[in-house]
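Let me begin by presenting the structure, written as C-alpha cells, before commenting on it.
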Amino acid sequence: MSSLIKLEGVSKSYGKTMALSDLNLEIKACGVHGLLGPNGAGKTTLLKILSSFCQYDSGVITQDLENQINYLPEIAPLVEEVSVITYLDFISSLHKSNKFFSVDEIISYFDLKPFKHKIIKYLSKGNKQRVALSQVFLGNPKLIILDEPNVNLDPISIKKLRDLIDKLKKEISFIISSHQLNEIECLAEDITILNQAKCLYSGELSKLIESDHSLEKKYLELVGEK
Amino acid sequence: MSLLLFDLKRLIKKPSTYLFLSISSVFISAIFFNLYFNFLYLFESGQQFDSPVTTITVSFFHNINLLTLLLCSLMTHQVFSGEKETFYHLLKLRGVSSWKYLLSRYITIVVFGLLLLVPILVILYFLQTIGIRDSRYLLIGLLGLIFQTCFYSALCLMFFVFFKSNISSILASLAFGILLNFLPVLAINLDNSLLFEVFNYLSPLGHFQTNIRGIFKTSDIVFYSSGIFFFLFLAVQKLEWEKVR
C-alpha cells in the first residue's frame with residue numbers, strides 16, 4: 001500500500017527538553033495507525049507536527065495533504081457560545097463538499113438530534129465530545145487525526161465511533177492516539193510506540209504481537225514496566 | 001456561512017455583549033450630560049460663549065477620545081474571550097488564512113465598536129435640535145470618531161494576538177494607545193520642532209483634534225489607513241510566526 005506521510009529522522013525539542021528524537025514513521029494511504037506511549041512520550045508533539053502546527057527541528061516529512069487533514073486535539077476546538085447546528089454548519093461551509101456525511105447525517109449518527117439547537121456551552125462533556133467528533137468527519141479528508149477520541153464518551157458512542165472508523169478506514173487514513181490499548185488493538189493495523197521522545201516500535205501490529213502476547217503485555221515490556 | 005457571519009453570530013449570542021453595550025452607552029451619555037449641564041450652568045451664570053452648542057460638541061468629542069480606546073479594547077476582549085487556541089488551528093487546517101481570520105475578527109470588533117457609537121448619534125441628533133450653528137463640526141467629528149474606532153480596533157487586535165493573557169492585552173493596548181495620544185506632549189518637552197511635527201503626525205489625538213474642529217485632511221486618511229494596515233500586518237506576522245515555532 002502506498003504511503004500517505006513519511007517521516008525520516010524527525011526531531012523536535014522545546015528548549016533543552018527533547019520531545020521527539022530521530023523519528024522514522026510511515027503512514028499508509030488507508031487504514032488505522034495507532035499511536036501509543038506513556039504521558040510525555042511525545043505523542044501530542046508528533047500529532048501537532050503531522051497536522052503542521054508545530055515546526056520540527058530536523059528531518060524530512062514527505063506529504064501532500066493540503067487542507068485534507070482533519071484533527072481532533074485533546075482540547076476540543078469547540079466554539080461554546082453557538083448552537084451545535086450553527087457550529088457544524090460553519091465547519092461544513094469551510095469545505096467545498098462533504099464526502100462522507102452531511103451535517104444532518106453526522107448529527108443523526110452521533111445521536112445529537114435532540115441537542116442540535118442547544119448552545120454547546122450547556123451540553124454535557126460527553127455530548128461536547130460527540131460534537132467535536134462530528135466536525136472531524138465533515139469535509140473531504142484524506143487523513144483524520146484523533147487524540148484521545150474516547151474521552152468522556154459512553155460505551156454506545158465508543159462503539160459507534162469504532163464502527164465508523166472501521167467503515168471509513170478503507171477509504172482514508174486514521175491516526176489515533178490513545179491510552180486504551182484494547183481500542184488500538186481492535187482498530188489499528190499499524191502502530192507506533194513512543195517513550196521518552198524515542199520510537200520503540202513502528203510497524204505492523206500483527207508483527208509486534210506474537211501468538212502468545214497481547215498488546216498490553218508487549219507494550220509494558222517495551223516501555224520498561226514489569 | 002462565512003467566518004465573519006459566524007464571528008458576528010458568536011458575539012450576538014454572548015449575554016455579556018449586551019451588558020457591555022448598555023454600560024458603555026450609560027458612560028457615553030454620562031460624559032455628554034455632565035458636559036452639557038456644566039455649560040448650561042456657566043451659560044446661565046453669565047459666561048459668554050461664541051457658539052455654546054459648538055463648544056459642547058467639540059468638548060464632547062475631545063472627552064470621548066480615550067473612552068473609545070477603552071471601549072475598543074474591551075470589545076476586542078469580548079471577541080477573543082472563550083476562544084480556544086485549537087479553534088484557530090482548526091481554521092488553519094481547513095484552509096482559512098491568517099489574513100482572513102484576522103480580518104473577520106477585525107470587522108467584528110469594528111461593527112460592534114460602531115454600535116457603541118449609536119448613543120453618540122442620539123446625542124448628535126439632540127445637539128442638532130437644540131441648534132448647532134455649523135453641522136460640519138458634528139459630521140466631521142463623527143467621521144473622525146469612526147476612523148478612531150477603526151484605528152484603535154486594529155491596535156487592540158494586534159495586542160490580543162501578541163499576548164496570551166487577555167488582561168495583559170487590555171493593559172498593553174491601553175498603555176500603547178495612551179502613549180501614542182500623548183506623543184506631542186513628549187515632543188514639546190524635548191523642544192524640537194521637527195520631532196514635534198513627527199510625533200504630532202503619529203498621534204491619533206493630533207488628527208482627531210483637527211477633525212473635531214471640522215477639518216478632515218487627506219493626511220488623516222493616510223494616517224488612519226496606514227496605521228490600521230500596520231497593526232493588522234504585525235498581527236498576521238505573529239500568527240504566521242507561531243505556526244512555524
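Residues are named by chain letter and number: chains run A, B, ... in the order of the C-alpha cells, numbers start at 1 in each chain, and ligands are numbered from 1 in the order shown.
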Checklist entry - When the cut-off is 10 Å and we count only C-alpha atoms, which residues of chain A are near chain B, given as a PyMOL selection string? => result chain A and resi 14+48-49+51-57+66-83+86-87+89-95+119+135-136+139+141
For the selection you just gave me, I'd like the residues written to a file as a PDB file, in the first residue's frame, keeping C-alpha atoms.
ATOM      1  CA  TYR A  14      11.428  22.529  23.394  1.00  0.00           C
ATOM      2  CA  LYS A  48       0.989  18.610  16.039  1.00  0.00           C
ATOM      3  CA  ILE A  49       3.883  18.127  13.623  1.00  0.00           C
ATOM      4  CA  SER A  51      -1.002  18.491  11.308  1.00  0.00           C
ATOM      5  CA  SER A  52       1.537  21.288  10.610  1.00  0.00           C
ATOM      6  CA  PHE A  53       1.007  23.171  13.865  1.00  0.00           C
ATOM      7  CA  CYS A  54       4.455  22.633  15.091  1.00  0.00           C
ATOM      8  CA  GLN A  55       7.687  23.006  13.175  1.00  0.00           C
ATOM      9  CA  TYR A  56      10.218  20.224  13.594  1.00  0.00           C
ATOM     10  CA  ASP A  57      13.909  20.974  14.125  1.00  0.00           C
ATOM     11  CA  GLU A  66      -3.025  20.493   1.996  1.00  0.00           C
ATOM     12  CA  ASN A  67      -6.419  21.110   3.623  1.00  0.00           C
ATOM     13  CA  GLN A  68      -7.118  17.376   3.699  1.00  0.00           C
ATOM     14  CA  ILE A  69      -6.217  16.673   7.311  1.00  0.00           C
ATOM     15  CA  ASN A  70      -8.920  16.823   9.962  1.00  0.00           C
ATOM     16  CA  TYR A  71      -7.648  16.894  13.502  1.00  0.00           C
ATOM     17  CA  LEU A  72      -9.343  16.414  16.842  1.00  0.00           C
ATOM     18  CA  PRO A  73      -6.899  17.613  19.506  1.00  0.00           C
ATOM     19  CA  GLU A  74      -7.131  16.730  23.186  1.00  0.00           C
ATOM     20  CA  ILE A  75      -8.760  20.112  23.843  1.00  0.00           C
ATOM     21  CA  ALA A  76     -11.756  20.064  21.525  1.00  0.00           C
ATOM     22  CA  PRO A  77     -11.842  23.071  19.148  1.00  0.00           C
ATOM     23  CA  LEU A  78     -15.413  23.987  20.044  1.00  0.00           C
ATOM     24  CA  VAL A  79     -16.968  27.441  19.997  1.00  0.00           C
ATOM     25  CA  GLU A  80     -19.110  27.217  23.094  1.00  0.00           C
ATOM     26  CA  GLU A  81     -21.350  30.257  22.545  1.00  0.00           C
ATOM     27  CA  VAL A  82     -23.124  28.944  19.467  1.00  0.00           C
ATOM     28  CA  SER A  83     -25.549  26.068  18.920  1.00  0.00           C
ATOM     29  CA  THR A  86     -24.525  26.624  13.823  1.00  0.00           C
ATOM     30  CA  TYR A  87     -21.088  25.265  14.685  1.00  0.00           C
ATOM     31  CA  ASP A  89     -22.873  24.263   9.576  1.00  0.00           C
ATOM     32  CA  PHE A  90     -19.959  26.664   9.826  1.00  0.00           C
ATOM     33  CA  ILE A  91     -17.347  23.881   9.771  1.00  0.00           C
ATOM     34  CA  SER A  92     -19.141  22.337   6.791  1.00  0.00           C
ATOM     35  CA  SER A  93     -19.122  25.694   4.980  1.00  0.00           C
ATOM     36  CA  LEU A  94     -15.315  25.726   5.137  1.00  0.00           C
ATOM     37  CA  HIS A  95     -15.310  22.837   2.666  1.00  0.00           C
ATOM     38  CA  ILE A 119     -25.778  26.094  22.906  1.00  0.00           C
ATOM     39  CA  GLN A 135     -16.777  18.074  12.929  1.00  0.00           C
ATOM     40  CA  VAL A 136     -13.869  15.741  12.186  1.00  0.00           C
ATOM     41  CA  GLY A 139     -15.376  17.863   4.549  1.00  0.00           C
ATOM     42  CA  PRO A 141     -10.339  14.495   4.496  1.00  0.00           C
TER      43      PRO A 141
END
Checklist entry - stretch 94-149 of chain A: which residues are helix (DSSP H, G or I) by DSSP, as a PyMOL selection string? => result chain A and resi 103-109+113-115+120-122+125-136
Those same residues - C-alpha atoms - I'd like them written as an mmCIF file, in the first residue's frame.
data_model
loop_
_atom_site.group_PDB
_atom_site.id
_atom_site.type_symbol
_atom_site.label_atom_id
_atom_site.label_comp_id
_atom_site.auth_asym_id
_atom_site.auth_seq_id
_atom_site.Cartn_x
_atom_site.Cartn_y
_atom_site.Cartn_z
ATOM 1 C CA VAL A 103 -24.280 17.970 8.707
ATOM 2 C CA ASP A 104 -27.684 16.379 9.327
ATOM 3 C CA GLU A 105 -26.338 12.892 8.747
ATOM 4 C CA ILE A 106 -23.452 13.254 11.175
ATOM 5 C CA ILE A 107 -25.809 14.802 13.759
ATOM 6 C CA SER A 108 -28.087 11.763 13.427
ATOM 7 C CA TYR A 109 -25.177 9.322 13.509
ATOM 8 C CA LYS A 113 -30.583 15.489 17.116
ATOM 9 C CA PRO A 114 -32.207 16.396 20.477
ATOM 10 C CA PHE A 115 -29.361 18.850 21.180
ATOM 11 C CA ILE A 120 -22.612 23.968 23.116
ATOM 12 C CA LYS A 121 -21.652 25.530 26.478
ATOM 13 C CA TYR A 122 -24.688 23.891 28.130
ATOM 14 C CA LYS A 125 -18.913 16.658 28.499
ATOM 15 C CA GLY A 126 -19.871 13.538 26.555
ATOM 16 C CA ASN A 127 -22.112 15.449 24.169
ATOM 17 C CA LYS A 128 -19.428 18.096 23.664
ATOM 18 C CA GLN A 129 -17.017 15.329 22.679
ATOM 19 C CA ARG A 130 -19.612 13.958 20.233
ATOM 20 C CA VAL A 131 -19.919 17.429 18.628
ATOM 21 C CA ALA A 132 -16.125 17.656 18.417
ATOM 22 C CA LEU A 133 -16.018 14.210 16.792
ATOM 23 C CA SER A 134 -18.778 15.152 14.346
ATOM 24 C CA GLN A 135 -16.777 18.074 12.929
ATOM 25 C CA VAL A 136 -13.869 15.741 12.186
#
Next on the checklist: For the structure I just gave you, how does DSSP split stretch 43-177 of chain A - specifically, which residues are strand (DSSP E)? Reply as a list in words.
Outcome noted: Ser58, Gly59, Val60, Ile61, Thr62, Gln63, Ile69, Asn70, Tyr71, Leu72, Leu143, Ile144, Ile145, Leu146, Asp147, Ser173, Phe174, Ile175, Ile176 and Ser177 of chain A
Mind checking which residues fall within 10 Å of B:Phe60, counting only C-alpha atoms, ignoring those fewer than 6 positions away in the same chain, and posting them as a compact mmCIF listing (two decimals) with N, CA, C and O atoms, in the first residue's frame?
# COMPACT_ATOMS: atom_id res chain seq x y z
N ILE B 28 -21.15 56.92 27.97
CA ILE B 28 -21.08 57.96 26.94
C ILE B 28 -22.11 59.06 27.25
O ILE B 28 -21.81 60.25 27.19
N ILE B 31 -20.99 61.21 30.18
CA ILE B 31 -19.96 62.18 29.79
C ILE B 31 -20.63 63.39 29.12
O ILE B 31 -20.33 64.55 29.44
N PHE B 32 -21.56 63.08 28.22
CA PHE B 32 -22.20 64.17 27.48
C PHE B 32 -23.02 65.07 28.42
O PHE B 32 -22.87 66.29 28.41
N PHE B 33 -23.87 64.43 29.23
CA PHE B 33 -24.76 65.25 30.07
C PHE B 33 -23.99 66.02 31.14
O PHE B 33 -24.39 67.12 31.53
N ASN B 34 -22.89 65.44 31.60
CA ASN B 34 -22.04 66.15 32.54
C ASN B 34 -21.53 67.45 31.89
O ASN B 34 -21.61 68.53 32.49
N LEU B 35 -21.06 67.33 30.63
CA LEU B 35 -20.58 68.50 29.89
C LEU B 35 -21.71 69.49 29.65
O LEU B 35 -21.58 70.70 29.85
N TYR B 36 -22.83 68.94 29.21
CA TYR B 36 -23.97 69.77 28.83
C TYR B 36 -24.46 70.62 30.00
O TYR B 36 -24.63 71.83 29.88
N THR B 54 -21.61 74.49 19.69
CA THR B 54 -20.36 74.03 19.04
C THR B 54 -19.32 73.74 20.12
O THR B 54 -18.61 72.73 20.06
N ILE B 120 -24.00 58.00 20.67
CA ILE B 120 -23.41 59.29 20.25
C ILE B 120 -24.27 59.91 19.15
O ILE B 120 -24.49 61.12 19.13
N ILE B 123 -27.08 61.60 20.73
CA ILE B 123 -26.61 62.86 21.32
C ILE B 123 -26.44 63.93 20.24
O ILE B 123 -26.84 65.08 20.41
N GLY B 141 -16.58 65.53 12.97
CA GLY B 141 -16.23 64.98 14.30
C GLY B 141 -16.61 63.51 14.37
O GLY B 141 -15.83 62.66 14.81
N ILE B 212 -12.30 67.34 14.98
CA ILE B 212 -13.38 67.90 15.78
C ILE B 212 -13.53 69.42 15.58
O ILE B 212 -14.51 70.01 16.01
Checklist entry - Which neighbours of A:Leu164 fall inside 12 Å, counting only C-alpha atoms, when residues of the same chain fewer than 3 positions from it are skipped, and could you give them as a PyMOL selection string? => result chain A and resi 32+100-101+106+109-110+133-134+136-137+157-161+167-172+174+187
Item to check | Computed interatomic separation between atom CA of B:Thr17 and atom CA of B:Gln78 (Å) | outcome: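 Distance reported for this atom pair: 7.0 Å.
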When you look at stretch 111-113 of chain B with a cut-off of 9 Å (counting only C-alpha atoms), what residues show up, excluding the ones that are within fewer than 5 positions of it in the same chain? I need them as a CSV table (one decimal) with N, CA and C atoms, in the first residue's frame.
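After the write, out_17.csv holds the following:
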chain,number,residue,atom,x,y,z
B,8,LEU,N,-19.8,37.2,14.1
B,8,LEU,CA,-20.9,38.1,14.5
B,8,LEU,C,-21.9,37.3,15.3
B,11,LEU,N,-20.8,36.6,18.8
B,11,LEU,CA,-20.8,37.7,19.7
B,11,LEU,C,-22.2,38.1,20.1
B,21,LEU,N,-22.6,46.7,26.0
B,21,LEU,CA,-23.1,47.8,25.2
B,21,LEU,C,-23.9,48.7,26.0
B,68,THR,N,-13.0,55.8,23.7
B,68,THR,CA,-13.1,55.0,22.5
B,68,THR,C,-12.1,53.9,22.6
B,71,LEU,N,-13.1,51.3,25.2
B,71,LEU,CA,-14.2,50.5,24.7
B,71,LEU,C,-13.8,49.5,23.6
B,72,CYS,N,-12.8,50.0,22.7
B,72,CYS,CA,-12.3,49.1,21.7
B,72,CYS,C,-11.6,47.9,22.3
B,75,MET,N,-14.1,45.6,23.8
B,75,MET,CA,-14.8,44.9,22.7
B,75,MET,C,-13.9,43.8,22.1
B,106,TYR,N,-11.4,41.5,13.0
B,106,TYR,CA,-11.3,43.0,12.9
B,106,TYR,C,-12.6,43.6,12.6
B,146,ILE,N,-15.3,57.7,13.9
B,146,ILE,CA,-15.4,56.4,13.2
B,146,ILE,C,-14.0,55.9,12.8
B,149,THR,N,-12.2,54.7,15.9
B,149,THR,CA,-12.6,53.4,16.3
B,149,THR,C,-11.9,52.3,15.5
B,150,CYS,N,-11.8,52.5,14.2
B,150,CYS,CA,-11.2,51.5,13.3
B,150,CYS,C,-9.7,51.4,13.7
B,153,SER,N,-9.3,49.7,17.1
B,153,SER,CA,-9.7,48.3,17.0
B,153,SER,C,-8.5,47.5,16.4
Item to check | Residue contacts of B:Arg136 (12 Å, only C-alpha atoms) excluding same-chain residues fewer than 2 positions away, as number ranges by chain | outcome: B: 54, 57-58, 124, 128, 132-134, 138-144, 211-216
Selection file, all heavy atoms, as a short mmCIF file (atom, residue, chain, number, x, y, z; two decimals), in the first residue's frame:
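Below is the file out-v4.cif, written as the result:
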data_model
loop_
_atom_site.label_atom_id
_atom_site.label_comp_id
_atom_site.auth_asym_id
_atom_site.auth_seq_id
_atom_site.Cartn_x
_atom_site.Cartn_y
_atom_site.Cartn_z
N THR B 54 -21.61 74.49 19.69
CA THR B 54 -20.36 74.03 19.04
C THR B 54 -19.32 73.74 20.12
O THR B 54 -18.61 72.73 20.06
CB THR B 54 -19.83 75.11 18.07
OG1 THR B 54 -20.88 75.42 17.17
CG2 THR B 54 -18.63 74.61 17.30
N THR B 57 -20.12 70.44 21.60
CA THR B 57 -19.80 69.35 20.66
C THR B 57 -18.30 69.06 20.66
O THR B 57 -17.88 67.90 20.79
CB THR B 57 -20.23 69.76 19.22
OG1 THR B 57 -21.55 70.27 19.28
CG2 THR B 57 -20.18 68.58 18.27
N VAL B 58 -17.50 70.12 20.53
CA VAL B 58 -16.04 69.94 20.48
C VAL B 58 -15.54 69.32 21.78
O VAL B 58 -14.76 68.36 21.77
CB VAL B 58 -15.35 71.30 20.17
CG1 VAL B 58 -13.83 71.19 20.34
CG2 VAL B 58 -15.69 71.77 18.76
N LEU B 124 -25.86 63.50 19.09
CA LEU B 124 -25.64 64.45 18.00
C LEU B 124 -26.97 64.97 17.45
O LEU B 124 -27.10 66.15 17.10
CB LEU B 124 -24.81 63.81 16.89
CG LEU B 124 -23.38 63.41 17.28
CD1 LEU B 124 -22.64 62.84 16.10
CD2 LEU B 124 -22.60 64.58 17.87
N GLN B 128 -28.28 68.76 17.32
CA GLN B 128 -28.83 69.34 16.09
C GLN B 128 -30.14 70.07 16.39
O GLN B 128 -30.39 71.17 15.90
CB GLN B 128 -29.07 68.21 15.08
CG GLN B 128 -29.49 68.64 13.70
CD GLN B 128 -28.27 68.87 12.81
OE1 GLN B 128 -27.34 68.10 12.85
NE2 GLN B 128 -28.28 69.94 12.06
N ILE B 132 -27.23 73.71 16.54
CA ILE B 132 -25.80 73.94 16.30
C ILE B 132 -25.68 74.83 15.06
O ILE B 132 -26.42 74.65 14.09
CB ILE B 132 -25.04 72.60 16.16
CG1 ILE B 132 -23.54 72.85 16.09
CG2 ILE B 132 -25.48 71.79 14.94
CD1 ILE B 132 -22.71 71.66 16.44
N ARG B 133 -24.77 75.79 15.12
CA ARG B 133 -24.66 76.75 14.03
C ARG B 133 -24.09 76.10 12.77
O ARG B 133 -24.55 76.31 11.67
CB ARG B 133 -23.75 77.90 14.48
CG ARG B 133 -24.48 79.23 14.42
CD ARG B 133 -23.50 80.33 14.76
NE ARG B 133 -23.94 81.00 15.97
CZ ARG B 133 -23.19 81.88 16.60
NH1 ARG B 133 -21.97 82.15 16.19
NH2 ARG B 133 -23.65 82.51 17.67
N ASP B 134 -23.05 75.25 12.98
CA ASP B 134 -22.38 74.65 11.83
C ASP B 134 -22.34 73.13 12.01
O ASP B 134 -21.61 72.62 12.86
CB ASP B 134 -20.94 75.21 11.76
CG ASP B 134 -20.29 74.89 10.43
OD1 ASP B 134 -20.85 74.06 9.68
OD2 ASP B 134 -19.22 75.46 10.17
N LEU B 138 -20.29 68.49 13.69
CA LEU B 138 -20.90 67.21 14.06
C LEU B 138 -20.45 66.11 13.11
O LEU B 138 -19.97 65.07 13.54
CB LEU B 138 -22.43 67.31 13.96
CG LEU B 138 -23.18 68.05 15.04
CD1 LEU B 138 -24.67 67.94 14.76
CD2 LEU B 138 -22.88 67.45 16.39
N LEU B 139 -20.60 66.37 11.81
CA LEU B 139 -20.35 65.33 10.82
C LEU B 139 -18.89 64.93 10.74
O LEU B 139 -18.56 63.74 10.76
CB LEU B 139 -20.86 65.78 9.44
CG LEU B 139 -22.37 65.98 9.38
CD1 LEU B 139 -22.79 66.56 8.04
CD2 LEU B 139 -23.12 64.68 9.65
N ILE B 140 -18.00 65.93 10.67
CA ILE B 140 -16.57 65.59 10.56
C ILE B 140 -16.06 65.03 11.89
O ILE B 140 -15.23 64.12 11.90
CB ILE B 140 -15.76 66.79 10.04
CG1 ILE B 140 -16.27 67.10 8.63
CG2 ILE B 140 -14.25 66.50 10.02
CD1 ILE B 140 -15.57 68.18 7.89
N GLY B 141 -16.58 65.53 12.97
CA GLY B 141 -16.23 64.98 14.30
C GLY B 141 -16.61 63.51 14.37
O GLY B 141 -15.83 62.66 14.81
N LEU B 142 -17.81 63.20 13.87
CA LEU B 142 -18.30 61.82 13.88
C LEU B 142 -17.45 60.95 12.95
O LEU B 142 -17.08 59.82 13.32
CB LEU B 142 -19.77 61.77 13.44
CG LEU B 142 -20.43 60.41 13.53
CD1 LEU B 142 -20.53 59.93 14.97
CD2 LEU B 142 -21.82 60.43 12.92
N LEU B 143 -17.11 61.50 11.79
CA LEU B 143 -16.25 60.76 10.84
C LEU B 143 -14.90 60.46 11.49
O LEU B 143 -14.37 59.34 11.39
CB LEU B 143 -16.06 61.59 9.56
CG LEU B 143 -15.37 60.90 8.40
CD1 LEU B 143 -16.21 59.77 7.86
CD2 LEU B 143 -15.06 61.91 7.29
N GLY B 144 -14.36 61.45 12.16
CA GLY B 144 -13.08 61.27 12.87
C GLY B 144 -13.20 60.18 13.92
O GLY B 144 -12.30 59.34 14.06
N ASN B 211 -10.04 67.02 13.33
CA ASN B 211 -11.35 66.56 12.88
C ASN B 211 -12.47 67.24 13.67
O ASN B 211 -13.48 67.65 13.09
CB ASN B 211 -11.51 65.03 13.04
CG ASN B 211 -10.48 64.25 12.26
OD1 ASN B 211 -10.15 63.13 12.63
ND2 ASN B 211 -9.94 64.83 11.20
N ILE B 212 -12.30 67.34 14.98
CA ILE B 212 -13.38 67.90 15.78
C ILE B 212 -13.53 69.42 15.58
O ILE B 212 -14.51 70.01 16.01
CB ILE B 212 -13.27 67.54 17.29
CG1 ILE B 212 -11.97 68.04 17.91
CG2 ILE B 212 -13.45 66.07 17.50
CD1 ILE B 212 -11.81 67.68 19.38
N ARG B 213 -12.54 70.01 14.90
CA ARG B 213 -12.69 71.42 14.55
C ARG B 213 -13.28 71.56 13.14
O ARG B 213 -13.22 72.60 12.52
CB ARG B 213 -11.34 72.13 14.63
CG ARG B 213 -10.90 72.32 16.06
CD ARG B 213 -9.68 73.22 16.17
NE ARG B 213 -9.05 73.00 17.44
CZ ARG B 213 -7.96 72.26 17.63
NH1 ARG B 213 -7.38 71.67 16.60
NH2 ARG B 213 -7.46 72.09 18.83
N GLY B 214 -13.79 70.44 12.63
CA GLY B 214 -14.48 70.47 11.34
C GLY B 214 -13.58 70.36 10.13
O GLY B 214 -13.99 70.67 9.01
N ILE B 215 -12.33 69.91 10.35
CA ILE B 215 -11.39 69.78 9.21
C ILE B 215 -11.00 68.31 9.05
O ILE B 215 -10.63 67.65 10.03
CB ILE B 215 -10.10 70.62 9.45
CG1 ILE B 215 -10.49 72.07 9.75
CG2 ILE B 215 -9.15 70.54 8.25
CD1 ILE B 215 -9.45 72.82 10.54
N PHE B 216 -11.10 67.80 7.83
CA PHE B 216 -10.66 66.43 7.57
C PHE B 216 -9.74 66.45 6.37
O PHE B 216 -10.16 66.76 5.26
CB PHE B 216 -11.87 65.51 7.33
CG PHE B 216 -11.55 64.07 7.60
CD1 PHE B 216 -11.79 63.52 8.85
CD2 PHE B 216 -11.00 63.27 6.62
CE1 PHE B 216 -11.48 62.19 9.12
CE2 PHE B 216 -10.69 61.94 6.89
CZ PHE B 216 -10.93 61.40 8.14
#
Item to check | For B:Leu239: contacts at 12 Å, only C-alpha atoms, fewer than 2 positions along chain excluded, given as a ChimeraX atom specification | outcome: /A:53 /B:85,88-89,92,97-102,157-164,232-237,241-245
Item to check | Between atom CA of A:Leu138 and atom CA of A:Gly31, distance in Å (one decimal) | outcome: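 Interatomic distance, atom CA of A:Leu138 to atom CA of A:Gly31: 18.3 Å.
Checking A:Ser178, A:Ser124, A:Asn152, A:Gln196 one by one against A:Ala41, counting only C-alpha atoms, you find the shortest gap at A:Gln196.
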Checklist entry - Interatomic distance between atom CA of B:Ser24 and atom CA of B:Arg105? => result 20.5 Å
